[in-house]
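Structure file model-v6.cif (mmCIF, C-alpha atoms) follows.
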data_coords
#
loop_
_atom_site.label_atom_id
_atom_site.label_comp_id
_atom_site.auth_asym_id
_atom_site.auth_seq_id
_atom_site.Cartn_x
_atom_site.Cartn_y
_atom_site.Cartn_z
CA MET A 1 -17.29 23.39 -46.61
CA ALA A 2 -13.77 23.30 -45.17
CA THR A 3 -14.98 24.28 -41.71
CA ASP A 4 -17.60 21.51 -41.80
CA VAL A 5 -14.87 18.91 -42.46
CA THR A 6 -12.70 20.45 -39.75
CA ASP A 7 -15.58 20.33 -37.25
CA ARG A 8 -16.23 16.66 -38.05
CA ALA A 9 -12.55 15.84 -37.63
CA ALA A 10 -12.49 17.64 -34.29
CA VAL A 11 -15.56 15.71 -33.11
CA THR A 12 -14.00 12.42 -34.22
CA VAL A 13 -10.75 13.21 -32.41
CA GLY A 14 -12.68 14.28 -29.29
CA ALA A 15 -14.73 11.07 -29.31
CA ALA A 16 -11.57 8.99 -29.77
CA ASP A 17 -9.94 10.66 -26.77
CA TYR A 18 -13.12 10.18 -24.76
CA PHE A 19 -13.35 6.45 -25.48
CA HIS A 20 -9.59 6.03 -25.05
CA SER A 21 -9.92 7.25 -21.47
CA TYR A 22 -12.61 4.67 -20.77
CA SER A 23 -10.64 1.92 -22.48
CA VAL A 24 -7.80 2.55 -20.03
CA VAL A 25 -10.26 2.21 -17.12
CA GLY A 26 -11.71 -0.96 -18.65
CA LEU A 27 -8.26 -2.44 -19.19
CA LEU A 28 -7.34 -1.69 -15.59
CA ALA A 29 -10.55 -3.38 -14.39
CA VAL A 30 -9.79 -6.48 -16.50
CA VAL A 31 -6.23 -6.64 -15.17
CA GLY A 32 -7.54 -6.35 -11.60
CA VAL A 33 -10.08 -9.15 -12.10
CA LEU A 34 -7.43 -11.36 -13.71
CA PHE A 35 -5.02 -10.69 -10.84
CA VAL A 36 -7.61 -11.75 -8.27
CA ALA A 37 -8.61 -14.81 -10.31
CA VAL A 38 -4.98 -15.92 -10.70
CA ALA A 39 -4.32 -15.40 -6.99
CA PHE A 40 -7.36 -17.49 -5.99
CA GLY A 41 -6.52 -20.17 -8.56
CA ALA A 42 -2.91 -20.39 -7.36
CA GLY A 43 -4.09 -20.64 -3.77
CA ARG A 44 -6.46 -23.47 -4.65
CA LEU A 45 -3.74 -25.36 -6.55
CA LEU A 46 -0.95 -24.91 -4.00
CA ARG A 47 -2.70 -25.48 -0.69
CA PRO A 48 -2.86 -28.93 0.89
CA VAL A 49 -6.33 -30.45 1.12
CA VAL A 50 -6.56 -33.05 3.90
CA PRO A 51 -10.04 -32.90 5.44
CA THR A 52 -10.39 -34.58 8.81
CA PRO A 53 -13.36 -34.61 11.21
CA GLU A 54 -11.46 -32.28 13.54
CA LYS A 55 -10.91 -29.76 10.76
CA LEU A 56 -14.56 -29.85 9.74
CA LEU A 57 -15.72 -29.21 13.34
CA THR A 58 -16.92 -25.70 14.18
CA TYR A 59 -14.16 -23.82 15.97
CA GLU A 60 -14.87 -21.15 18.54
CA CYS A 61 -11.88 -19.79 20.47
CA GLY A 62 -10.41 -23.21 21.18
CA VAL A 63 -13.57 -24.49 22.88
CA ASP A 64 -15.44 -27.45 21.43
CA PRO A 65 -19.01 -26.48 20.58
CA VAL A 66 -21.55 -27.83 23.05
CA GLY A 67 -25.30 -27.37 22.87
CA GLU A 68 -27.22 -25.23 20.43
CA GLY A 69 -25.76 -22.65 18.12
CA TRP A 70 -28.15 -19.94 19.26
CA ALA A 71 -27.08 -17.33 21.78
CA HIS A 72 -28.80 -14.34 23.31
CA THR A 73 -27.32 -10.99 22.35
CA GLN A 74 -28.01 -7.51 23.59
CA VAL A 75 -29.83 -5.60 20.86
CA ARG A 76 -29.13 -2.24 22.46
CA TYR A 77 -25.52 -2.30 21.29
CA TYR A 78 -26.71 -2.59 17.71
CA VAL A 79 -29.15 0.26 18.25
CA TYR A 80 -26.35 2.50 19.55
CA ALA A 81 -24.19 1.55 16.58
CA PHE A 82 -27.08 2.24 14.20
CA LEU A 83 -27.71 5.66 15.76
CA TYR A 84 -24.01 6.46 15.50
CA VAL A 85 -23.95 5.55 11.81
CA ILE A 86 -27.03 7.66 11.14
CA PHE A 87 -25.55 10.74 12.78
CA ALA A 88 -22.11 10.18 11.25
CA VAL A 89 -23.64 10.06 7.77
CA ASP A 90 -25.71 13.13 8.56
CA SER A 91 -22.63 15.04 9.64
CA ILE A 92 -21.10 14.18 6.26
CA PHE A 93 -24.09 15.90 4.62
CA LEU A 94 -23.44 19.04 6.67
CA PHE A 95 -20.06 19.75 5.04
CA PRO A 96 -21.31 20.10 1.44
CA TRP A 97 -24.25 22.09 2.75
CA ALA A 98 -21.87 24.56 4.37
CA THR A 99 -20.00 24.92 1.09
CA VAL A 100 -23.16 25.53 -0.93
CA PHE A 101 -24.48 27.88 1.75
CA ALA A 102 -21.39 30.04 1.33
CA ALA A 103 -21.95 30.35 -2.43
CA PRO A 104 -23.80 33.50 -3.53
CA GLY A 105 -27.46 33.07 -4.43
CA TYR A 106 -28.06 29.84 -2.52
CA GLY A 107 -28.19 31.08 1.06
CA ALA A 108 -31.89 31.11 1.96
CA THR A 109 -32.83 27.98 0.01
CA THR A 110 -30.07 25.83 1.42
CA LEU A 111 -30.70 27.16 4.91
CA VAL A 112 -34.37 26.13 4.75
CA GLU A 113 -33.50 22.73 3.27
CA MET A 114 -30.92 22.05 5.97
CA PHE A 115 -33.29 23.01 8.78
CA ILE A 116 -35.87 20.61 7.33
CA PHE A 117 -33.18 17.92 7.21
CA LEU A 118 -32.10 18.64 10.79
CA GLY A 119 -35.77 18.66 11.82
CA PHE A 120 -36.16 15.10 10.55
CA LEU A 121 -33.06 14.12 12.52
CA ALA A 122 -34.39 15.80 15.64
CA VAL A 123 -37.73 13.98 15.30
CA GLY A 124 -35.89 10.65 14.95
CA LEU A 125 -33.70 11.38 17.95
CA LEU A 126 -36.73 12.44 20.00
CA TYR A 127 -38.51 9.23 19.00
CA ALA A 128 -35.50 7.15 20.07
CA TYR A 129 -35.36 9.03 23.37
CA LYS A 130 -39.10 8.55 24.02
CA LYS A 131 -38.80 4.81 23.32
CA GLY A 132 -36.02 4.57 25.90
CA VAL A 133 -33.37 3.55 23.39
CA LEU A 134 -30.84 6.07 24.66
CA THR A 135 -30.93 4.96 28.31
CA TRP A 136 -27.99 2.80 29.24
CA THR A 137 -29.06 -0.02 31.58
#

Rendering of file as structure tokens:
Amino acid sequence: MATDVTDRAAVTVGAADYFHSYSVVGLLAVVGVLFVAVAFGAGRLLRPVVPTPEKLLTYECGVDPVGEGWAHTQVRYYVYAFLYVIFAVDSIFLFPWATVFAAPGYGATTLVEMFIFLGFLAVGLLYAYKKGVLTWT
């Protein structure tokens, strides 16, 4: 009977420590939200508000806006950036794979999984190449 009471006390103490850790995180989150709210509120109270037509006009590098707001942009730059992000994220996946591959018992499975993953990347890169996305004009 004494061990049963001791086990319950240990579980209660363990749960208290567990929730205490999360209460510290919650308190820190509340303090952070309050800090941001006070900073925004102070900024709203202390700044001068004098709207004029000139201040409400769209500003673009010191040039008054003339004509429509639409402009033609080169999509290829976004495609290059998108391809870069894809391959940067994929390279991030290669580092944990190398760590797991070095662990005993996971070699063949992780090797097959990574070659499947790299195969998907190669198919995507081949598709982009066939569509002419990678040619700089």

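With all atoms listed in the file as the atoms that count, the residue of A:Ala98, A:Leu28, A:Leu83, A:Ala103 with the shortest distance to Tyr127 in chain A is A:Leu83.
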
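Here CA of Tyr106 in chain A and CA of Ala88 in chain A stand 24.7 Å from one another.
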
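The spacing separating CA of Thr135 in chain A from CA of Leu121 in chain A amounts to 18.4 Å.
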
Quiz item: Which residues fall under the PyMOL selection byres ((chain A and resi 90) around 12) in this file, as a PyMOL selection string?
Solution: chain A and resi 83-89+91-97+114+117-122
